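Engineer: Contents of run_6.txt (compact mmCIF, C-alpha atoms) are below:
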```txt
# COMPACT_ATOMS: atom_id res chain seq x y z
CA MET A 26 -8.67 -123.97 -167.08
CA LYS A 27 -9.23 -121.57 -164.27
CA PRO A 28 -12.17 -122.21 -162.01
CA ASP A 29 -14.01 -119.23 -160.74
CA TYR A 30 -14.01 -119.48 -156.97
CA THR A 31 -15.14 -115.90 -156.59
CA ASN A 32 -18.57 -116.79 -157.94
CA LEU A 33 -18.99 -119.54 -155.39
CA VAL A 34 -17.74 -117.44 -152.50
CA LYS A 35 -19.89 -114.51 -153.54
CA TYR A 36 -22.98 -116.68 -153.79
CA CYS A 37 -22.51 -118.02 -150.29
CA VAL A 38 -21.42 -114.82 -148.58
CA GLU A 39 -24.25 -112.79 -150.06
CA ARG A 40 -26.67 -115.22 -148.47
CA LEU A 41 -25.08 -114.90 -145.04
CA VAL A 42 -25.10 -111.14 -144.58
CA ASP A 43 -27.56 -108.34 -143.96
CA GLU A 44 -26.08 -106.17 -146.68
CA PRO A 45 -25.47 -108.31 -149.75
CA ASP A 46 -24.84 -105.22 -151.85
CA SER A 47 -21.72 -104.44 -149.83
CA VAL A 48 -20.15 -107.81 -150.54
CA SER A 49 -17.14 -107.80 -152.79
CA VAL A 50 -14.88 -110.70 -153.58
CA ASP A 51 -11.59 -110.52 -155.40
CA SER A 52 -9.02 -113.14 -156.11
CA ARG A 53 -5.42 -113.50 -157.07
CA THR A 54 -3.75 -116.63 -158.27
CA ASP A 55 -0.09 -117.54 -158.22
CA ARG A 56 1.83 -120.80 -158.32
CA SER A 57 1.10 -121.59 -154.70
CA GLY A 58 -2.64 -121.28 -155.07
CA ALA A 59 -5.62 -119.00 -155.32
CA TYR A 60 -6.22 -116.29 -152.76
CA ILE A 61 -9.75 -115.08 -152.25
CA ASN A 62 -10.39 -111.90 -150.32
CA VAL A 63 -13.88 -111.23 -149.08
CA THR A 64 -14.96 -107.77 -148.05
CA VAL A 65 -18.28 -107.19 -146.34
CA ALA A 66 -19.96 -104.42 -144.37
CA PRO A 67 -18.34 -104.04 -140.92
CA ASN A 68 -21.48 -105.29 -139.18
CA ASP A 69 -21.54 -108.41 -141.29
CA VAL A 70 -18.01 -109.63 -140.62
CA GLY A 71 -19.15 -111.76 -137.70
CA LYS A 72 -21.90 -113.36 -139.73
CA VAL A 73 -19.46 -114.55 -142.35
CA ILE A 74 -16.95 -115.83 -139.82
CA GLY A 75 -19.45 -117.47 -137.50
CA ARG A 76 -19.04 -118.70 -133.97
CA ASN A 77 -15.49 -119.98 -133.55
CA GLY A 78 -14.99 -119.38 -137.25
CA ARG A 79 -17.30 -122.23 -138.07
CA ILE A 80 -18.95 -120.64 -141.03
CA VAL A 81 -15.82 -119.34 -142.72
CA ASN A 82 -14.14 -122.68 -142.07
CA ALA A 83 -17.06 -124.51 -143.65
CA LEU A 84 -16.74 -122.18 -146.62
CA ARG A 85 -12.99 -122.85 -146.81
CA SER A 86 -13.60 -126.54 -146.69
CA LEU A 87 -16.12 -126.26 -149.52
CA VAL A 88 -13.88 -124.06 -151.65
CA SER A 89 -10.90 -126.34 -151.05
CA SER A 90 -12.87 -129.35 -152.24
CA VAL A 91 -13.72 -127.54 -155.43
CA GLY A 92 -10.08 -126.51 -155.73
CA ALA A 93 -8.96 -130.09 -155.27
CA LYS A 94 -10.41 -130.90 -158.67
CA GLN A 95 -7.83 -128.53 -160.21
CA ARG A 96 -5.18 -129.62 -157.72
CA GLN A 97 -5.07 -126.10 -156.50
CA ARG A 98 -4.92 -124.72 -153.01
CA VAL A 99 -7.47 -122.05 -152.25
CA TYR A 100 -7.22 -119.61 -149.40
CA VAL A 101 -10.23 -117.61 -148.26
CA LYS A 102 -9.76 -114.53 -146.15
CA VAL A 103 -12.36 -112.23 -144.70
CA VAL A 104 -10.92 -108.74 -144.77
CA SER A 105 -11.58 -106.64 -141.73
CA ASP A 106 -10.44 -103.02 -141.75
CA MET B 20 -55.10 -137.91 -98.56
CA SER B 21 -54.01 -139.17 -101.85
CA GLU B 22 -50.57 -138.29 -102.94
CA SER B 23 -49.85 -137.98 -106.62
CA VAL B 24 -46.70 -137.70 -108.66
CA GLU B 25 -45.82 -137.26 -112.28
CA ALA B 26 -43.33 -139.42 -114.06
CA THR B 27 -42.19 -140.03 -117.57
CA GLY B 28 -40.98 -143.01 -119.49
CA ARG B 29 -40.21 -144.24 -122.94
CA THR B 30 -43.23 -146.47 -122.86
CA LEU B 31 -46.52 -146.10 -121.08
CA ASP B 32 -45.69 -149.07 -118.93
CA GLU B 33 -42.35 -147.66 -117.97
CA ALA B 34 -43.89 -144.33 -117.07
CA LYS B 35 -46.45 -146.08 -114.87
CA ARG B 36 -43.83 -148.16 -113.12
CA ALA B 37 -41.68 -145.08 -112.54
CA ALA B 38 -44.59 -143.15 -111.12
CA ALA B 39 -45.61 -146.01 -108.88
CA ALA B 40 -42.06 -146.44 -107.67
CA ALA B 41 -41.87 -142.76 -106.85
CA LEU B 42 -44.99 -143.14 -104.74
CA GLY B 43 -43.62 -146.27 -103.17
CA VAL B 44 -46.55 -148.43 -104.07
CA PRO B 45 -47.01 -151.26 -106.54
CA PRO B 46 -48.44 -150.12 -109.87
CA GLU B 47 -51.63 -152.15 -109.25
CA GLN B 48 -52.52 -149.82 -106.41
CA CYS B 49 -52.35 -146.66 -108.44
CA ASP B 50 -54.67 -144.70 -110.62
CA PHE B 51 -53.01 -143.31 -113.66
CA GLU B 52 -53.84 -140.32 -115.68
CA LEU B 53 -52.09 -139.96 -119.02
CA LEU B 54 -50.78 -136.44 -119.33
CA GLU B 55 -48.74 -136.62 -122.49
CA SER B 56 -48.16 -139.35 -124.93
CA GLY B 57 -46.01 -140.02 -127.91
CA ALA B 58 -44.06 -136.81 -127.73
CA LYS B 59 -42.34 -136.64 -131.04
CA GLY B 60 -38.81 -135.52 -131.62
CA LEU B 61 -35.92 -137.61 -132.74
CA PHE B 62 -34.47 -137.98 -129.32
CA ALA B 63 -37.62 -138.30 -127.30
CA LYS B 64 -36.49 -140.02 -124.15
CA ALA B 65 -39.70 -139.39 -122.36
CA ASN B 66 -42.50 -140.36 -124.64
CA TYR B 67 -45.17 -140.72 -122.01
CA LYS B 68 -46.01 -138.70 -118.99
CA VAL B 69 -48.45 -139.93 -116.41
CA ARG B 70 -49.81 -138.70 -113.12
CA ALA B 71 -50.17 -141.49 -110.63
CA THR B 72 -52.33 -141.35 -107.55
CA ALA B 73 -52.14 -143.97 -104.84
CA ARG B 74 -55.56 -145.53 -104.80
CA THR B 75 -55.68 -147.57 -101.62
CA ALA B 76 -56.89 -146.01 -98.42
CA GLU B 77 -54.29 -147.72 -96.28
CA PRO B 78 -51.03 -145.81 -96.42
CA ALA B 79 -48.92 -147.66 -98.92
CA ASP B 80 -45.78 -146.66 -97.13
CA GLU B 81 -46.57 -149.00 -94.28
CA SER B 82 -47.30 -152.00 -96.38
CA HIS B 83 -44.12 -151.42 -98.35
CA PRO B 84 -41.83 -149.45 -96.09
CA GLU B 85 -38.75 -150.62 -97.89
CA MET B 86 -40.02 -149.34 -101.19
CA ALA B 87 -40.34 -145.85 -99.89
CA ALA B 88 -37.01 -145.99 -98.18
CA VAL B 89 -35.03 -147.33 -101.08
CA GLU B 90 -34.09 -144.78 -103.67
CA VAL B 91 -35.97 -146.18 -106.57
CA PRO B 92 -34.36 -145.45 -109.88
CA VAL B 93 -37.07 -143.42 -111.47
CA LYS B 94 -36.55 -143.17 -115.14
CA THR B 95 -36.83 -139.49 -115.72
CA PRO B 96 -34.77 -137.63 -118.27
CA ASP B 97 -31.27 -137.53 -116.94
CA PRO B 98 -30.02 -133.96 -116.98
CA ARG B 99 -26.52 -135.25 -117.49
CA ASN B 100 -27.54 -137.05 -120.61
CA ASP B 101 -27.39 -134.32 -123.13
CA GLY B 102 -29.33 -136.12 -125.75
CA GLN B 103 -31.60 -133.13 -125.73
CA ALA B 104 -28.72 -130.75 -125.85
CA ASP B 105 -27.32 -132.53 -128.86
CA ALA B 106 -30.64 -132.29 -130.52
CA GLU B 107 -31.44 -128.90 -131.88
CA PRO B 108 -33.42 -126.89 -129.38
CA GLU B 109 -36.94 -127.91 -130.24
CA PRO B 110 -39.09 -125.04 -131.38
CA ALA B 111 -42.12 -124.37 -129.25
CA GLU B 112 -44.59 -125.59 -131.79
CA GLU B 113 -44.04 -128.45 -134.14
CA VAL B 114 -42.26 -127.28 -137.28
CA ALA B 115 -42.76 -129.28 -140.40
CA ALA B 116 -41.08 -128.55 -143.67
CA ASN B 117 -43.43 -128.22 -146.61
CA ASP B 118 -42.85 -128.59 -150.32
CA GLU B 119 -42.27 -124.90 -150.71
CA ASP B 120 -39.48 -124.97 -148.11
CA ALA B 121 -37.99 -127.98 -149.84
CA GLN B 122 -38.05 -126.36 -153.27
CA ALA B 123 -36.36 -123.25 -151.89
CA ALA B 124 -33.73 -125.35 -150.14
CA ALA B 125 -32.98 -127.46 -153.20
CA ALA B 126 -32.74 -124.39 -155.41
CA MET B 127 -30.41 -122.64 -152.97
CA VAL B 128 -28.11 -125.64 -152.61
CA GLN B 129 -28.15 -126.18 -156.36
CA GLY B 130 -27.09 -122.55 -156.65
CA VAL B 131 -23.96 -123.34 -154.63
CA PHE B 132 -22.92 -126.06 -157.06
CA ASP B 133 -23.79 -123.96 -160.09
CA ALA B 134 -21.74 -121.07 -158.74
CA ALA B 135 -18.85 -123.46 -158.19
CA ASP B 136 -19.29 -124.76 -161.71
CA VAL B 137 -19.27 -128.39 -160.64
CA GLU B 138 -21.54 -131.11 -161.90
CA VAL B 139 -23.60 -131.93 -158.85
CA ASP B 140 -27.37 -132.04 -158.65
CA ALA B 141 -29.31 -131.43 -155.47
CA GLU B 142 -32.63 -133.22 -155.37
CA ILE B 143 -35.26 -133.54 -152.69
CA ALA B 144 -35.06 -137.01 -151.21
CA SER B 145 -37.63 -136.71 -148.45
CA LEU B 146 -39.12 -134.50 -145.79
CA THR B 147 -39.00 -135.69 -142.21
CA GLY B 148 -40.55 -133.26 -139.78
CA ARG B 149 -38.54 -130.09 -139.86
CA TYR B 150 -35.78 -131.66 -141.92
CA ILE B 151 -35.51 -131.34 -145.65
CA ASN B 152 -33.36 -134.22 -146.80
CA LEU B 153 -31.49 -133.47 -149.98
CA ARG B 154 -29.58 -136.00 -152.01
CA LEU B 155 -26.57 -134.99 -154.07
CA THR B 156 -25.87 -136.80 -157.31
CA GLY B 157 -23.76 -136.19 -160.38
CA PRO B 158 -20.21 -136.83 -161.57
CA ASP B 159 -18.55 -134.34 -159.21
CA THR B 160 -20.29 -135.53 -156.05
CA GLY B 161 -17.14 -137.36 -155.05
CA LEU B 162 -15.39 -134.05 -154.45
CA PHE B 163 -17.56 -133.55 -151.40
CA VAL B 164 -17.77 -137.03 -150.01
CA SER B 165 -14.99 -139.35 -149.05
CA PRO B 166 -14.53 -141.60 -146.08
CA ARG B 167 -14.22 -139.70 -142.82
CA ASN B 168 -14.36 -136.49 -144.78
CA PRO B 169 -16.22 -133.71 -143.08
CA VAL B 170 -16.84 -131.67 -146.22
CA LEU B 171 -20.40 -132.90 -146.43
CA ASP B 172 -20.93 -131.79 -142.83
CA SER B 173 -19.29 -128.45 -143.50
CA LEU B 174 -21.41 -127.95 -146.55
CA GLN B 175 -24.51 -128.87 -144.62
CA TYR B 176 -23.62 -126.41 -141.88
CA LEU B 177 -22.95 -123.65 -144.38
CA CYS B 178 -26.15 -124.36 -146.28
CA ASN B 179 -28.18 -124.23 -143.09
CA ALA B 180 -26.59 -120.92 -142.16
CA MET B 181 -27.68 -119.52 -145.51
CA TYR B 182 -31.01 -121.28 -145.49
CA SER B 183 -32.07 -120.03 -142.08
CA ARG B 184 -31.78 -116.49 -143.42
CA LEU B 185 -33.61 -117.35 -146.61
CA ARG B 186 -36.48 -119.04 -144.85
CA PRO B 187 -36.55 -118.46 -141.13
CA GLY B 188 -38.93 -120.71 -139.30
CA GLY B 189 -36.93 -123.61 -138.05
CA THR B 190 -36.78 -125.96 -140.99
CA ARG B 191 -33.37 -127.43 -141.65
CA ILE B 192 -31.48 -129.09 -144.45
CA THR B 193 -29.68 -132.38 -144.35
CA LEU B 194 -27.39 -133.42 -147.16
CA ASP B 195 -26.59 -136.92 -148.22
CA ALA B 196 -24.60 -138.30 -151.07
CA LYS B 197 -23.77 -141.82 -152.10
CA GLU B 198 -25.61 -143.17 -149.06
CA TYR B 199 -22.87 -141.67 -146.91
CA ARG B 200 -25.20 -140.86 -144.03
CA GLN B 201 -26.79 -144.25 -144.00
CA LYS B 202 -23.46 -146.04 -144.05
CA ARG B 203 -22.15 -143.75 -141.38
CA THR B 204 -25.20 -144.37 -139.23
CA GLU B 205 -24.77 -148.10 -139.54
CA ALA B 206 -21.07 -147.85 -138.74
CA LEU B 207 -21.72 -145.67 -135.70
CA GLU B 208 -24.44 -147.96 -134.38
CA LYS B 209 -22.14 -150.93 -134.74
CA LEU B 210 -19.33 -149.08 -133.02
CA ALA B 211 -21.66 -147.98 -130.23
CA GLN B 212 -22.75 -151.57 -129.60
CA GLN B 213 -19.19 -152.88 -129.56
CA VAL B 214 -17.92 -150.21 -127.21
CA ALA B 215 -20.93 -150.56 -124.94
CA GLU B 216 -20.29 -154.28 -124.61
CA GLN B 217 -16.70 -153.57 -123.64
CA VAL B 218 -17.83 -150.93 -121.16
CA VAL B 219 -20.09 -153.45 -119.50
CA SER B 220 -17.50 -156.20 -119.34
CA ARG B 221 -14.66 -153.97 -118.17
CA LYS B 222 -16.79 -151.71 -116.00
CA GLN B 223 -14.85 -148.76 -117.30
CA GLU B 224 -16.11 -145.78 -119.18
CA ALA B 225 -15.10 -145.24 -122.76
CA VAL B 226 -14.76 -142.00 -124.65
CA LEU B 227 -15.41 -141.99 -128.36
CA ASP B 228 -13.70 -139.80 -130.92
CA ALA B 229 -15.05 -136.31 -131.38
CA LEU B 230 -18.19 -136.37 -133.48
CA PRO B 231 -20.50 -133.73 -134.89
CA ALA B 232 -23.78 -133.22 -133.06
CA HIS B 233 -25.99 -135.29 -135.33
CA GLU B 234 -23.57 -138.21 -135.16
CA ARG B 235 -23.43 -138.05 -131.37
CA ARG B 236 -27.17 -138.24 -131.38
CA ILE B 237 -26.99 -141.45 -133.37
CA VAL B 238 -24.77 -142.94 -130.67
CA HIS B 239 -27.01 -141.73 -127.83
CA ARG B 240 -30.03 -143.18 -129.55
CA ALA B 241 -28.35 -146.47 -130.34
CA LEU B 242 -27.56 -147.01 -126.68
CA ALA B 243 -30.70 -145.57 -125.11
CA ASP B 244 -32.04 -149.09 -124.66
CA PHE B 245 -28.74 -150.79 -124.01
CA GLU B 246 -28.79 -152.34 -120.53
CA GLY B 247 -26.05 -151.36 -118.14
CA VAL B 248 -24.63 -148.28 -119.82
CA GLU B 249 -25.50 -144.64 -119.98
CA THR B 250 -24.24 -142.05 -122.39
CA TYR B 251 -23.52 -138.37 -122.20
CA SER B 252 -21.28 -135.93 -124.00
CA GLU B 253 -18.45 -133.85 -122.73
CA GLY B 254 -16.08 -131.25 -124.11
CA GLU B 255 -16.74 -128.29 -126.31
CA GLU B 256 -17.53 -128.16 -129.96
CA PRO B 257 -15.94 -129.07 -132.25
CA SER B 258 -14.22 -131.71 -130.15
CA ARG B 259 -17.23 -132.78 -128.13
CA ARG B 260 -17.17 -136.50 -127.43
CA VAL B 261 -19.64 -139.12 -126.39
CA VAL B 262 -18.83 -140.93 -123.16
CA ILE B 263 -20.25 -144.37 -122.61
CA SER B 264 -20.13 -145.27 -118.96
CA PRO B 265 -21.31 -148.21 -116.90
CA LYS B 266 -24.63 -147.42 -115.28
CA THR B 267 -24.14 -146.56 -111.64
CA GLN B 268 -26.32 -148.18 -108.93
```
Could you render the structure from this file as structure tokens?

Structural biologist:
Amino acid sequence: MKPDYTNLVKYCVERLVDEPDSVSVDSRTDRSGAYINVTVAPNDVGKVIGRNGRIVNALRSLVSSVGAKQRQRVYVKVVSD
Amino acid sequence: MSESVEATGRTLDEAKRAAAAALGVPPEQCDFELLESGAKGLFAKANYKVRATARTAEPADESHPEMAAVEVPVKTPDPRNDGQADAEPEPAEEVAANDEDAQAAAAMVQGVFDAADVEVDAEIASLTGRYINLRLTGPDTGLFVSPRNPVLDSLQYLCNAMYSRLRPGGTRITLDAKEYRQKRTEALEKLAQQVAEQVVSRKQEAVLDALPAHERRIVHRALADFEGVETYSEGEEPSRRVVISPKTQ
């Protein structure tokens, strides 16, 4: 069973940015865990990361809790450039 | 010449006493005019504001010279006490969440759980002022709540970040699950009392562990009426801590 973290991340990120249409999320899974890459419009990067990374860390914490159910580590990265 | 001052207090009586003390006259010799009363807000330290005018013709200062000379501890909001700072900056006018806000909030939060494909339901528990209190239930709720686990706080922060874009206007979401908040509040109040008692008996200030803003507020509130201690916060988020110190003077 493979949970779909991309859906969750997409849902949240789209609601944080000015340009939801530019949001794309892709993921890759290997034995060490799931890697989620988030790409947003350049102007929206700060909105996803938040002050001191608070928003992206909250998102990581949420995604990790969902991942814990599958005993899987999940890494979320906001791609810039 | 009648001097007048303004003062605030948690109760009307306290405000009057503070105003009278600032004038250096006994409260019986003052006329009071109520300027503001019952200011709402979770952390309202100054609920009443009065203007006091010394009534008697004879200069009060001469009948009570010592009162004017002594620095009377007027209970005005202490700028050092950041109770206000811990509270969200209050919007200019009173914001109250309505049913429509609550429905939108519940639907948005539910969307998070649906997108994650976990079995958690978000339901509206209550509306208190600008806060929409949501309760999480369902078999997977445990994923997001465990003792001393900040996931619920993270989730709440994230949801508010999304929600403020969805419905700007100052209403906010709080999340609770399995009575976590209530238990936490009780635990924090108990801790605050215990530490405050130690602070008084040892005459030494105590620094609590780092707490999120809404939990610091619980501590500030719990000790607002505690004799002999004052509270403030120091440090930067996310490791901002409440300091309980013996009251000086």

Engineer: Counting all atoms listed in the file, which residues from chain B have an atom at most 8 Å from any atom of chain A, and could you show them as a PyMOL selection string?

Structural biologist: chain B and resi 130-132+134-137+162-163+170+173-174+176-177+180-181+184-185

Engineer: Need the shell around segment 50-52 of chain A: protein/DNA/RNA residues with any atom at most 7 Å away, counting all atoms listed in the file. Skip same-chain ones fewer than 4 positions apart. Format as an MDAnalysis selection string?

Structural biologist: chainID A and resid 31 35 59:64

Engineer: Name the closest residue to Ser23 of chain B among the candidates B:Glu52, B:Ala124, B:Val214, B:Arg36; distances are taken between atoms, counting all atoms listed in the file.

Structural biologist: B:Glu52

Engineer: Listed atoms of segment 212-215 of chain B, axis-aligned box, 4 Å per side: centre and edge lengths to one decimal in Å, as AutoDock Vina command-line options?

Structural biologist:
```
--center_x -20.3 --center_y -151.5 --center_z -127.3 --size_x 12.8 --size_y 10.7 --size_z 12.7
```

Engineer: What does the distance from atom CA of Val65 of chain A to atom CA of Lys102 of chain A come to in Å, to one decimal?

Structural biologist: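 Distance reported for this atom pair: 11.2 Å.
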
Engineer: What lies within 9 Å of Asp120 of chain B using all atoms listed in the file, ignoring chain neighbours under 5 positions off, as a list in words?

Structural biologist: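 Here the qualifying residues turn out to be Ala125, Ile151, Arg186 and Thr190 of chain B.
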